[in-house]
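Structure file model33.txt (compact mmCIF, C-alpha atoms) follows.
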```
# COMPACT_ATOMS: atom_id res chain seq x y z
CA MET A 12 -44.85 -32.88 30.98
CA GLU A 13 -47.51 -33.12 28.33
CA ARG A 14 -48.24 -29.44 28.69
CA LEU A 15 -44.53 -28.67 28.29
CA ILE A 16 -44.34 -30.67 25.09
CA ASN A 17 -47.51 -29.00 23.86
CA PHE A 18 -46.01 -25.63 24.65
CA ILE A 19 -42.82 -26.42 22.77
CA TYR A 20 -44.81 -27.77 19.84
CA GLU A 21 -47.03 -24.71 19.79
CA TYR A 22 -44.13 -22.29 19.71
CA ARG A 23 -41.74 -24.44 17.67
CA ALA A 24 -41.29 -21.79 14.97
CA PHE A 25 -40.45 -19.08 17.46
CA LEU A 26 -38.14 -21.32 19.49
CA THR A 27 -36.26 -22.46 16.37
CA PHE A 28 -36.02 -18.83 15.36
CA LEU A 29 -34.48 -17.93 18.73
CA LEU A 30 -32.09 -20.86 18.54
CA LEU A 31 -30.91 -19.96 15.03
CA GLU A 32 -30.50 -16.28 15.85
CA LEU A 33 -28.55 -17.09 19.01
CA SER A 34 -26.18 -19.34 17.11
CA CYS A 35 -25.77 -16.60 14.48
CA SER A 36 -24.96 -14.05 17.19
CA TRP A 37 -22.46 -16.46 18.65
CA LEU A 38 -20.81 -16.85 15.23
CA VAL A 39 -20.68 -13.08 14.74
CA ILE A 40 -19.09 -12.51 18.14
CA GLU A 41 -16.69 -15.41 17.70
CA ASN A 42 -15.60 -14.08 14.34
CA ASN A 43 -14.75 -10.69 15.83
CA GLN A 44 -12.14 -12.23 18.09
CA TYR A 45 -8.76 -11.68 16.63
CA GLN A 46 -6.80 -14.36 14.76
CA SER A 47 -8.14 -17.81 14.32
CA THR A 48 -7.98 -20.70 11.95
CA LYS A 49 -11.45 -21.38 10.73
CA TYR A 50 -12.75 -23.29 7.83
CA PHE A 51 -15.88 -21.38 6.94
CA ASN A 52 -14.45 -18.30 5.29
CA SER A 53 -13.12 -17.35 1.90
CA SER A 54 -9.86 -19.21 2.51
CA ASN A 55 -11.58 -22.54 1.89
CA ARG A 56 -10.69 -23.99 -1.47
CA LEU A 57 -14.06 -23.88 -3.21
CA ALA A 58 -14.89 -20.34 -2.12
CA ALA A 59 -11.39 -19.11 -2.98
CA ASN A 60 -11.57 -20.67 -6.44
CA ILE A 61 -14.89 -19.01 -7.19
CA LEU A 62 -13.70 -15.63 -5.91
CA GLY A 63 -10.42 -16.07 -7.78
CA PHE A 64 -12.33 -16.52 -11.02
CA SER A 65 -14.26 -13.30 -10.40
CA GLN A 66 -11.08 -11.40 -9.54
CA GLY A 67 -9.35 -12.85 -12.63
CA VAL A 68 -11.99 -11.28 -14.85
CA ARG A 69 -11.71 -7.94 -13.05
CA GLU A 70 -7.94 -7.98 -13.19
CA TYR A 71 -7.91 -8.51 -16.92
CA PHE A 72 -8.99 -4.90 -17.35
CA SER A 73 -6.17 -3.48 -15.24
CA LEU A 74 -3.26 -5.59 -16.45
CA ARG A 75 -1.49 -2.57 -17.91
CA THR A 76 -1.46 -0.61 -14.63
CA ILE A 77 -0.43 -3.69 -12.66
CA ASN A 78 2.48 -4.23 -15.05
CA GLU A 79 3.60 -0.64 -14.77
CA GLU A 80 3.45 -0.76 -10.97
CA LEU A 81 5.48 -3.95 -10.81
CA ALA A 82 8.10 -2.57 -13.21
CA GLN A 83 8.31 0.61 -11.13
CA GLU A 84 8.73 -1.40 -7.94
CA ASN A 85 11.46 -3.46 -9.58
CA ALA A 86 13.31 -0.31 -10.61
CA ASN A 87 13.06 1.12 -7.08
CA LEU A 88 14.37 -2.08 -5.55
CA ARG A 89 17.29 -2.18 -7.99
CA THR A 90 18.21 1.40 -7.11
CA ASP A 91 18.13 0.58 -3.40
CA LEU A 92 20.15 -2.57 -3.89
CA GLU A 93 22.80 -0.77 -5.91
CA ARG A 94 23.05 1.98 -3.31
CA LEU A 95 23.51 -0.50 -0.48
CA HIS A 96 26.03 -2.37 -2.54
CA GLN A 97 28.07 0.77 -3.11
CA LEU A 98 27.84 1.77 0.56
CA GLU A 99 29.01 -1.61 1.66
CA GLN A 100 31.93 -1.73 -0.74
CA ASN A 101 33.17 1.80 -0.27
CA TYR A 102 32.35 2.82 3.28
CA PHE A 103 31.14 0.15 5.66
CA PRO A 104 32.39 -3.32 4.95
CA VAL A 105 29.75 -5.44 6.68
CA ASN A 106 30.53 -8.71 8.31
CA GLN A 107 27.65 -9.46 10.56
CA ASP A 108 25.70 -12.31 11.98
CA THR A 109 23.00 -13.17 9.43
CA ILE A 110 20.36 -13.49 12.14
CA ARG A 111 20.66 -9.74 12.76
CA VAL A 112 20.28 -8.94 9.06
CA ASP A 113 17.72 -11.47 7.85
CA LEU A 114 15.08 -10.47 10.36
CA TYR A 115 12.24 -10.73 7.90
CA ASP A 116 11.29 -13.05 5.07
CA PHE A 117 8.86 -12.04 2.33
CA VAL A 118 6.29 -14.21 0.55
CA SER A 119 4.68 -12.68 -2.52
CA ALA A 120 0.98 -13.45 -3.03
CA LYS A 121 -1.80 -12.49 -5.39
CA VAL A 122 -5.03 -10.91 -4.16
CA ILE A 123 -8.02 -13.01 -5.12
CA ALA A 124 -10.74 -11.14 -3.27
CA ASN A 125 -10.88 -7.72 -1.72
CA SER A 126 -13.53 -5.36 -0.46
CA THR A 127 -13.31 -1.72 0.54
CA ASN A 128 -16.85 -0.51 1.28
CA LEU A 129 -17.88 -2.61 4.26
CA TYR A 130 -17.02 -1.73 7.87
CA LYS A 131 -15.01 -4.90 8.24
CA ASN A 132 -13.06 -5.51 5.09
CA PHE A 133 -11.02 -8.61 4.40
CA ILE A 134 -8.57 -9.58 1.67
CA THR A 135 -8.14 -13.13 0.43
CA ILE A 136 -4.75 -14.10 -1.02
CA ASN A 137 -3.51 -17.20 -2.82
CA LYS A 138 -0.78 -18.35 -0.40
CA GLY A 139 -1.40 -20.26 2.78
CA ALA A 140 0.03 -22.64 5.35
CA ALA A 141 1.88 -24.55 2.60
CA ASP A 142 4.04 -21.45 2.08
CA GLY A 143 4.65 -20.97 5.78
CA ILE A 144 2.04 -18.31 6.41
CA LEU A 145 0.63 -18.21 9.93
CA PRO A 146 -2.12 -16.11 11.56
CA GLY A 147 -0.72 -12.83 12.88
CA MET A 148 1.79 -12.13 10.13
CA ALA A 149 1.80 -8.75 8.40
CA ALA A 150 1.16 -8.02 4.74
CA ILE A 151 2.52 -5.04 2.83
CA SER A 152 2.60 -3.91 -0.77
CA ASN A 153 4.78 -1.59 -2.79
CA ASP A 154 2.77 1.39 -1.53
CA GLY A 155 2.61 0.59 2.15
CA ALA A 156 1.06 -1.49 4.90
CA VAL A 157 -1.93 -3.66 3.92
CA GLY A 158 -2.98 -5.74 6.94
CA LYS A 159 -2.52 -8.76 9.15
CA VAL A 160 -3.21 -12.44 8.46
CA LYS A 161 -6.41 -13.52 10.20
CA SER A 162 -6.81 -17.11 9.14
CA VAL A 163 -5.06 -19.56 6.86
CA SER A 164 -5.96 -22.73 5.01
CA GLU A 165 -3.57 -24.97 3.11
CA ASN A 166 -3.32 -22.75 0.02
CA TYR A 167 -5.13 -19.54 0.86
CA SER A 168 -5.23 -16.94 3.63
CA VAL A 169 -7.57 -14.18 4.72
CA LEU A 170 -6.07 -10.84 5.75
CA ILE A 171 -7.70 -8.22 7.94
CA SER A 172 -7.39 -5.12 5.81
CA LEU A 173 -6.28 -1.81 7.33
CA LEU A 174 -9.79 -0.81 6.24
CA ASN A 175 -11.35 -2.75 9.10
CA VAL A 176 -12.73 -0.99 12.15
CA ASP A 177 -11.34 -3.74 14.40
CA GLU A 178 -7.76 -3.41 13.17
CA GLN A 179 -5.11 -1.19 14.79
CA ILE A 180 -1.46 -0.93 13.90
CA SER A 181 1.32 0.75 15.80
CA CYS A 182 2.70 3.79 13.95
CA VAL A 183 5.11 6.68 14.42
CA ILE A 184 5.20 10.12 12.90
CA LYS A 185 8.51 9.96 11.05
CA ARG A 186 9.59 13.56 11.71
CA THR A 187 8.86 13.80 15.43
CA ASN A 188 9.04 10.12 16.44
CA HIS A 189 5.81 10.25 18.46
CA PHE A 190 3.98 6.97 18.31
CA GLY A 191 0.28 6.12 18.16
CA SER A 192 -2.13 3.71 16.53
CA ALA A 193 -3.72 3.89 13.11
CA ARG A 194 -7.35 2.81 13.06
CA TRP A 195 -9.94 3.14 10.31
CA ASP A 196 -13.22 4.88 11.16
CA GLY A 197 -15.30 3.03 8.57
CA LEU A 198 -16.05 6.04 6.39
CA HIS A 199 -13.76 6.69 3.44
CA GLN A 200 -11.47 4.11 1.87
CA ARG A 201 -8.58 6.54 1.33
CA TYR A 202 -8.49 7.96 4.87
CA SER A 203 -7.72 6.55 8.29
CA ASN A 204 -7.14 8.04 11.75
CA LEU A 205 -4.05 8.25 13.87
CA LEU A 206 -4.91 7.91 17.56
CA PHE A 207 -3.06 8.58 20.81
CA ILE A 208 -0.64 11.26 19.63
CA PRO A 209 -0.12 13.30 22.83
CA ARG A 210 -0.85 17.05 23.19
CA HIS A 211 2.76 18.11 23.34
CA ALA A 212 3.59 16.60 19.94
CA THR A 213 3.59 18.92 16.95
CA PRO A 214 2.25 17.04 13.94
CA VAL A 215 1.79 19.14 10.82
CA VAL A 216 -0.14 18.46 7.65
CA GLY A 217 2.12 16.56 5.25
CA ASP A 218 4.04 14.57 7.88
CA THR A 219 4.74 10.96 6.97
CA VAL A 220 3.36 8.19 9.17
CA ILE A 221 5.24 4.89 9.17
CA THR A 222 5.00 1.65 11.14
CA SER A 223 6.86 1.65 14.44
CA GLY A 224 8.07 -1.94 14.57
CA TYR A 225 7.15 -2.13 18.28
CA ASN A 226 4.95 -5.19 17.99
CA ALA A 227 7.31 -7.06 15.64
CA VAL A 228 4.49 -7.81 13.21
CA PHE A 229 5.35 -5.03 10.79
CA PRO A 230 9.01 -4.20 10.27
CA GLU A 231 9.94 -0.66 11.19
CA GLY A 232 9.50 2.05 8.58
CA ILE A 233 6.76 0.69 6.30
CA MET A 234 4.71 3.57 4.88
CA VAL A 235 1.19 3.90 6.23
CA GLY A 236 0.04 7.36 5.21
CA ILE A 237 0.43 11.10 5.15
CA ILE A 238 -1.21 13.46 7.63
CA ARG A 239 -4.03 15.41 5.99
CA LYS A 240 -5.73 17.02 8.98
CA ALA A 241 -4.53 17.64 12.51
CA ASN A 242 -6.79 19.23 15.15
CA LEU A 243 -6.25 19.72 18.84
CA ARG A 244 -9.46 20.22 20.78
CA GLU A 245 -9.44 21.99 24.14
CA GLU A 246 -10.64 19.16 26.34
CA THR A 247 -8.79 16.14 24.97
CA ASN A 248 -5.37 14.71 25.72
CA PHE A 249 -4.73 13.56 22.19
CA TRP A 250 -4.68 15.04 18.70
CA ASP A 251 -7.42 14.26 16.17
CA ILE A 252 -5.37 13.29 13.17
CA GLN A 253 -6.63 12.15 9.79
CA ILE A 254 -4.15 10.41 7.51
CA GLU A 255 -4.39 9.66 3.82
CA LEU A 256 -3.37 6.04 3.26
CA THR A 257 -0.58 5.62 0.72
CA GLN A 258 -2.05 2.27 -0.29
CA ASP A 259 -5.07 2.61 -2.54
CA PHE A 260 -7.02 -0.47 -1.47
CA GLY A 261 -9.31 -0.24 -4.47
CA ARG A 262 -6.43 -1.22 -6.74
CA LEU A 263 -4.61 -3.81 -4.66
CA SER A 264 -3.39 -6.74 -6.76
CA PHE A 265 -0.23 -8.14 -5.15
CA VAL A 266 0.88 -8.24 -1.52
CA GLU A 267 3.93 -9.50 0.31
CA VAL A 268 3.42 -11.37 3.55
CA ILE A 269 6.19 -10.79 6.07
CA LYS A 270 7.53 -13.66 8.11
CA SER A 271 9.29 -12.25 11.14
CA ARG A 272 12.02 -14.63 12.24
CA LEU A 273 12.42 -13.19 15.69
CA LYS A 274 8.78 -12.52 16.60
CA ASN A 275 8.48 -15.54 18.88
CA GLU A 276 11.72 -14.73 20.65
CA LYS A 277 10.71 -11.10 21.15
CA ASP A 278 7.21 -11.97 22.37
CA SER A 279 8.39 -14.57 24.84
CA LEU A 280 11.06 -12.22 26.20
CA GLU A 281 8.43 -9.51 26.70
CA GLN A 282 6.11 -11.99 28.31
CA ILE A 283 8.75 -13.07 30.82
CA THR A 284 9.70 -9.49 31.59
CA ILE A 285 6.41 -7.66 31.85
CA GLY A 286 3.83 -10.42 31.66
CA VAL A 287 2.24 -9.07 28.49
CA VAL A 288 0.50 -11.68 26.40
CA LYS A 289 -0.14 -10.52 22.87
CA MET B 260 -38.15 -34.21 -4.98
CA SER B 261 -40.91 -32.47 -6.86
CA ARG B 262 -40.44 -30.35 -9.95
CA THR B 263 -40.68 -27.08 -8.00
CA GLY B 264 -38.20 -28.46 -5.51
CA ILE B 265 -35.61 -29.15 -8.18
CA ILE B 266 -36.11 -25.75 -9.77
CA GLN B 267 -35.71 -24.03 -6.39
CA PHE B 268 -32.62 -26.10 -5.67
CA ILE B 269 -30.98 -24.92 -8.90
CA LEU B 270 -32.15 -21.34 -8.31
CA PHE B 271 -30.40 -21.39 -4.91
CA PHE B 272 -27.02 -21.86 -6.61
CA VAL B 273 -27.84 -19.36 -9.33
CA TYR B 274 -28.62 -16.67 -6.73
CA VAL B 275 -25.52 -17.46 -4.65
CA LEU B 276 -23.18 -17.45 -7.64
CA PHE B 277 -24.70 -14.29 -9.09
CA GLN B 278 -24.33 -12.62 -5.70
CA VAL B 279 -20.68 -13.53 -5.12
CA LEU B 280 -19.42 -13.30 -8.70
CA VAL B 281 -21.20 -10.21 -9.92
CA LEU B 282 -23.04 -8.25 -7.24
CA ARG B 283 -20.20 -8.52 -4.74
CA ASN B 284 -18.16 -6.31 -7.08
CA LEU B 285 -21.01 -3.93 -7.81
CA VAL B 286 -21.23 -1.18 -5.22
CA LEU B 287 -22.65 2.18 -6.23
CA PHE B 288 -21.16 5.37 -4.75
CA ASP B 289 -19.30 3.32 -2.13
CA SER B 290 -22.54 2.92 -0.22
CA ALA B 291 -25.31 1.19 -2.18
CA PHE B 292 -25.05 -2.60 -2.17
CA CYS B 293 -27.30 -5.08 -3.91
CA PHE B 294 -28.17 -8.12 -1.81
CA LEU B 295 -30.34 -9.78 -4.38
CA TYR B 296 -30.07 -13.24 -2.79
CA ILE B 297 -32.74 -12.31 -0.24
CA VAL B 298 -35.39 -12.47 -2.98
CA PHE B 299 -34.89 -16.23 -3.05
CA ILE B 300 -36.52 -16.41 0.39
CA LEU B 301 -39.29 -14.02 -0.67
CA LEU B 302 -40.17 -16.04 -3.77
CA LEU B 303 -40.25 -19.52 -2.24
CA PRO B 304 -43.71 -21.18 -2.52
CA ILE B 305 -46.38 -19.58 -0.36
CA GLU B 306 -47.34 -22.80 1.46
CA LEU B 307 -43.82 -23.47 2.74
CA ASN B 308 -43.86 -23.44 6.54
CA THR B 309 -41.77 -21.13 8.69
CA LEU B 310 -39.47 -23.89 9.96
CA ALA B 311 -38.40 -24.91 6.47
CA LEU B 312 -38.06 -21.27 5.46
CA MET B 313 -35.75 -20.56 8.38
CA ALA B 314 -33.62 -23.63 7.67
CA ILE B 315 -33.24 -22.58 4.03
CA GLY B 316 -32.59 -18.99 5.12
CA PHE B 317 -29.85 -20.10 7.48
CA VAL B 318 -28.10 -22.18 4.81
CA LEU B 319 -28.42 -19.37 2.27
CA GLY B 320 -27.11 -16.69 4.65
CA PHE B 321 -24.29 -18.91 5.83
CA THR B 322 -23.19 -19.62 2.26
CA ILE B 323 -23.11 -15.91 1.49
CA ASP B 324 -21.17 -15.34 4.74
CA ILE B 325 -18.40 -17.66 3.58
CA PHE B 326 -17.76 -15.43 0.59
CA TYR B 327 -18.07 -12.15 2.47
CA ASP B 328 -15.90 -13.36 5.39
CA SER B 329 -18.62 -12.28 7.79
CA MET B 330 -19.52 -15.41 9.81
CA GLY B 331 -23.13 -15.35 10.94
CA LEU B 332 -23.97 -11.85 9.75
CA HIS B 333 -25.94 -12.62 6.59
CA ALA B 334 -27.32 -15.78 8.21
CA MET B 335 -28.75 -13.68 11.05
CA ALA B 336 -30.47 -11.20 8.75
CA THR B 337 -31.78 -13.88 6.41
CA VAL B 338 -33.20 -16.06 9.21
CA LEU B 339 -35.06 -13.03 10.55
CA VAL B 340 -36.61 -12.33 7.14
CA ALA B 341 -37.49 -16.03 6.76
CA TYR B 342 -39.20 -15.99 10.16
CA LEU B 343 -41.19 -12.85 9.44
CA ARG B 344 -42.12 -13.71 5.86
CA ASN B 345 -45.17 -15.91 6.46
CA TYR B 346 -46.60 -13.67 9.20
CA TRP B 347 -46.25 -10.63 6.97
CA MET B 348 -47.76 -12.53 4.07
CA ALA B 349 -50.76 -13.52 6.20
CA THR B 350 -51.22 -9.88 7.23
CA ILE B 351 -51.40 -8.55 3.69
CA THR B 352 -53.44 -11.32 2.09
CA PRO B 353 -55.10 -9.84 -1.01
CA GLN B 354 -58.85 -10.09 -1.50
CA GLY B 355 -59.71 -13.64 -2.41
CA GLY B 356 -56.54 -15.09 -0.88
CA TYR B 357 -53.51 -16.59 -2.54
CA ASP B 358 -53.67 -19.16 -5.33
CA SER B 359 -52.43 -22.49 -4.07
CA GLY B 360 -49.07 -23.52 -5.42
CA SER B 361 -48.13 -20.01 -6.51
CA SER B 362 -45.36 -17.83 -5.22
CA ALA B 363 -45.45 -14.18 -4.29
CA THR B 364 -44.70 -12.55 -7.61
CA VAL B 365 -45.79 -9.44 -9.44
CA ALA B 366 -47.36 -11.72 -12.05
CA SER B 367 -49.72 -13.38 -9.58
CA ASN B 368 -50.56 -10.48 -7.27
CA GLY B 369 -49.70 -7.23 -9.01
CA LEU B 370 -46.94 -4.68 -8.62
CA GLN B 371 -48.48 -2.69 -5.77
CA TRP B 372 -49.01 -5.76 -3.60
CA PHE B 373 -45.49 -6.97 -4.40
CA LEU B 374 -43.91 -3.70 -3.26
CA VAL B 375 -45.90 -3.72 -0.03
CA TYR B 376 -44.75 -7.30 0.49
CA ALA B 377 -41.05 -6.99 -0.39
CA LEU B 378 -40.08 -3.50 0.72
CA PRO B 379 -40.44 -3.92 4.52
CA LEU B 380 -38.78 -7.34 4.50
CA VAL B 381 -35.80 -6.16 2.45
CA PHE B 382 -35.58 -3.09 4.69
CA ILE B 383 -35.47 -5.26 7.83
CA HIS B 384 -32.81 -7.45 6.23
CA HIS B 385 -30.59 -4.47 5.44
CA LEU B 386 -31.26 -2.85 8.82
CA VAL B 387 -30.02 -5.91 10.71
CA LEU B 388 -27.17 -6.52 8.29
CA PHE B 389 -25.61 -3.07 8.42
CA PHE B 390 -26.15 -2.31 12.09
CA VAL B 391 -24.78 -5.66 13.25
CA GLU B 392 -21.81 -5.17 10.95
CA ALA B 393 -21.20 -1.68 12.32
CA ALA B 394 -21.45 -3.26 15.81
CA GLY B 395 -23.38 -0.35 17.29
CA PHE B 396 -24.82 3.06 16.52
CA THR B 397 -21.68 5.20 16.46
CA LEU B 398 -21.93 5.67 12.69
CA PHE B 399 -25.73 5.94 12.78
CA TRP B 400 -26.35 8.36 9.90
CA TYR B 401 -23.72 6.87 7.63
CA THR B 402 -25.15 3.41 8.27
CA MET B 403 -28.67 4.71 7.56
CA LEU B 404 -27.39 6.14 4.27
CA LYS B 405 -25.97 2.74 3.35
CA ILE B 406 -29.26 1.04 4.31
CA VAL B 407 -31.46 3.37 2.28
CA GLY B 408 -29.09 3.34 -0.69
CA SER B 409 -28.91 -0.44 -0.67
CA LEU B 410 -32.68 -0.72 -0.21
CA LEU B 411 -33.30 1.36 -3.34
CA PHE B 412 -30.69 -0.58 -5.31
CA THR B 413 -31.86 -4.04 -4.21
CA MET B 414 -35.57 -3.20 -4.66
CA THR B 415 -34.96 -1.83 -8.16
CA VAL B 416 -33.15 -4.99 -9.22
CA ILE B 417 -35.74 -7.26 -7.57
CA THR B 418 -38.63 -5.47 -9.28
CA LEU B 419 -36.92 -5.40 -12.68
CA LEU B 420 -36.21 -9.14 -12.41
CA GLN B 421 -39.93 -9.71 -11.84
CA TYR B 422 -40.65 -8.36 -15.30
CA LEU B 423 -37.82 -10.32 -16.88
CA SER B 424 -38.70 -13.70 -15.40
CA PRO B 425 -40.22 -16.14 -17.88
CA GLN B 426 -43.50 -16.74 -16.04
CA ARG B 427 -46.80 -16.52 -17.77
CA ARG B 428 -48.40 -13.27 -16.79
CA ARG B 429 -52.03 -13.10 -15.70
CA ILE B 430 -53.77 -9.99 -16.93
```
Since I need it in another form, could you write the structure as structure tokens?
Amino acid sequence: MERLINFIYEYRAFLTFLLLELSCSWLVIENNQYQSTKYFNSSNRLAANILGFSQGVREYFSLRTINEELAQENANLRTDLERLHQLEQNYFPVNQDTIRVDLYDFVSAKVIANSTNLYKNFITINKGAADGILPGMAAISNDGAVGKVKSVSENYSVLISLLNVDEQISCVIKRTNHFGSARWDGLHQRYSNLLFIPRHATPVVGDTVITSGYNAVFPEGIMVGIIRKANLREETNFWDIQIELTQDFGRLSFVEVIKSRLKNEKDSLEQITIGVVK
Amino acid sequence: MSRTGIIQFILFFVYVLFQVLVLRNLVLFDSAFCFLYIVFILLLPIELNTLALMAIGFVLGFTIDIFYDSMGLHAMATVLVAYLRNYWMATITPQGGYDSGSSATVASNGLQWFLVYALPLVFIHHLVLFFVEAAGFTLFWYTMLKIVGSLLFTMTVITLLQYLSPQRRRI
């Protein structure tokens, strides 16, 4: 017993080192698991306030562009609204159950921290559980898909950016309707990859890639990117496709978080039918 | 708490705030990062034992992790540097040993000694940081580029700060 204690005392530095490194590894691995509500990230109030201050200073220099983008988005939405209005009045008088129409709810939020050069990039926004945001919801912007909510606190949330090597979203090529997954390779912040497009598909450079709506996180038809390169190698079953993201993550300032009203219903139906737990 | 203790305590917050407010936004060519906060561990008093160093390193790394949303990553790299620091310092003891109560600065031991001291430790820190973040070696060369770029950037800032710090220089 005495020798054991002596041994531990002798190697106390090394043993503490091992203990600390093991707990760090555990934290790293734990953090890679998808979706969780944790306290020790940038959604905690103090950290978010400090980061918000830093972002506020940065943003001051791009107010003009942000204004122009918002005005442009407003104009686009007005055009769409007017068109739908006309359609409804003149051609298809709609009288439908609101639950079929109001599938999604949007919460607008400001970006208070964002990174684009790491392998695992996250975005912190200034809306949280108080505004009904839950882990797993999708976030989009005027230009396209942005990411999924990873964790929330009372007033802030952290999103997994599309620029995160762990993140995949279900997409379709708009022209041919073949579906696959978009996943970032960690290299360039404007480009991502589209995986699992089968050999018999015929993607061409310039095709639009949009979200598929299959997993009910993203609504159908949100822009993701445009195909920039498409190669088919001899030995593989799938195309190697590089897409240019329509969202420039370096300039992200506002996002909209999407609350899907029917996600729970859809998931539980799928779970009963095919036993898939998402 | 002693005078040095209080100064180090304040410096801790200065390094953390400078890292998350300024350096977090400062990335050169999309690949060179500056993780200046590691110099806090390197410049702690020479007599400080490894256990205390590792505890401070863990707290420092963990605080940085909160702001980078990377639970455990910076803590892991910083604890490793804190563990190795005293052994490395003992290996490269200059002729005549260290002055008691001093810290490992250019002012007390000269530029050449300081580079030999800091460069490998910062390199190890970046090596662990980027490879653990990449979770493997699939992007080996790109990760190496990031490591070398960041090493140059961080070392330049660390060395420049040595000449700007208000310590009395020994000639």
Near chain A, which residues of chain B fall within 7 Å when you count all atoms listed in the file, and what do they look like as a list in words? Leu280, Asp289, Ser290, Thr309, Leu310, Ile325, Phe326, Asp328, Met330, Gly331, Leu332, Ala334, Met335, Tyr342, Glu392 and Ala393 of chain B
Find the spatial neighbours of A:Asn248, counting all atoms listed in the file, within a cut-off of 9 Å - ignore same-chain residues fewer than 5 positions away - and output them as a list in words.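 So, after excluding close chain neighbours, the residues are Phe207, Ile208, Pro209, Arg210 and Leu243 of chain A.
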Write out as a PyMOL selection string which residues come within 10 Å of A:Ser271 when counting only C-alpha atoms, dropping same-chain ones fewer than 5 positions away. chain A and resi 113-117+148-149+227-230
Is it possible to get the residues within 10 Å of (2.7, -3.5, 6.4) (coordinates as in the file, counting only C-alpha atoms) written as a list in words?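 Final list of nearby residues, as requested, is Met148, Ala149, Ala150, Ile151, Ser152, Asn153, Asp154, Gly155, Ala156, Val157, Gly158, Lys159, Leu173, Ile180, Ile221, Thr222, Gly224, Val228, Phe229, Pro230, Glu231, Gly232, Ile233, Met234, Val235, Val266, Glu267, Val268 and Ile269 of chain A.
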Distance atom CA of B:Asn308-atom CA of B:Ala349, one decimal place?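 We find that atom CA of B:Asn308 and atom CA of B:Ala349 lie 12.1 Å from each other.
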Using Å and a single decimal, report how far atom CA of B:Leu282 sits from atom CA of A:Phe72.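 Separation of atom CA of A:Phe72 and atom CA of B:Leu282: 17.6 Å.
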From atom CA of A:Leu205 to atom CA of A:Arg186 the spacing works out at 14.8 Å
List every protein, DNA or RNA residue that has at least one atom no more than 12 Å from (-44.3, -11.9, 8.3) in the file's coordinates, counting only C-alpha atoms, and write the result as a PyMOL selection string. chain B and resi 300-301+305+308-309+312+338-352+375-377+379-381+383
Is there a way to complete stretch 123-136 of chain A with N, CA and C atoms and then write that out as a CSV table (one decimal), keeping the file's coordinate frame?
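Contents of out.csv, as written:
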```
chain,number,residue,atom,x,y,z
A,123,ILE,N,-7.0,-12.4,-4.3
A,123,ILE,CA,-8.0,-13.0,-5.1
A,123,ILE,C,-9.4,-12.5,-4.7
A,124,ALA,N,-9.5,-11.8,-3.6
A,124,ALA,CA,-10.7,-11.1,-3.3
A,124,ALA,C,-10.4,-10.0,-2.4
A,125,ASN,N,-11.2,-8.9,-2.5
A,125,ASN,CA,-10.9,-7.7,-1.7
A,125,ASN,C,-12.1,-6.9,-1.7
A,126,SER,N,-12.4,-6.3,-0.5
A,126,SER,CA,-13.5,-5.4,-0.5
A,126,SER,C,-13.1,-4.1,0.2
A,127,THR,N,-13.7,-3.0,-0.1
A,127,THR,CA,-13.3,-1.7,0.5
A,127,THR,C,-14.5,-0.9,1.1
A,128,ASN,N,-15.7,-1.4,0.9
A,128,ASN,CA,-16.8,-0.5,1.3
A,128,ASN,C,-17.6,-1.0,2.5
A,129,LEU,N,-17.2,-2.2,3.0
A,129,LEU,CA,-17.9,-2.6,4.3
A,129,LEU,C,-17.2,-2.0,5.5
A,130,TYR,N,-17.7,-2.2,6.7
A,130,TYR,CA,-17.0,-1.7,7.9
A,130,TYR,C,-15.9,-2.6,8.2
A,131,LYS,N,-16.1,-3.9,7.9
A,131,LYS,CA,-15.0,-4.9,8.2
A,131,LYS,C,-14.6,-5.5,6.9
A,132,ASN,N,-13.5,-5.0,6.4
A,132,ASN,CA,-13.1,-5.5,5.1
A,132,ASN,C,-12.0,-6.6,5.2
A,133,PHE,N,-12.0,-7.6,4.4
A,133,PHE,CA,-11.0,-8.6,4.4
A,133,PHE,C,-10.4,-8.8,3.0
A,134,ILE,N,-9.2,-9.3,3.0
A,134,ILE,CA,-8.6,-9.6,1.7
A,134,ILE,C,-8.2,-11.1,1.6
A,135,THR,N,-8.5,-11.7,0.6
A,135,THR,CA,-8.1,-13.1,0.4
A,135,THR,C,-7.0,-13.2,-0.5
A,136,ILE,N,-5.9,-14.0,-0.2
A,136,ILE,CA,-4.8,-14.1,-1.0
A,136,ILE,C,-4.5,-15.6,-1.3
```
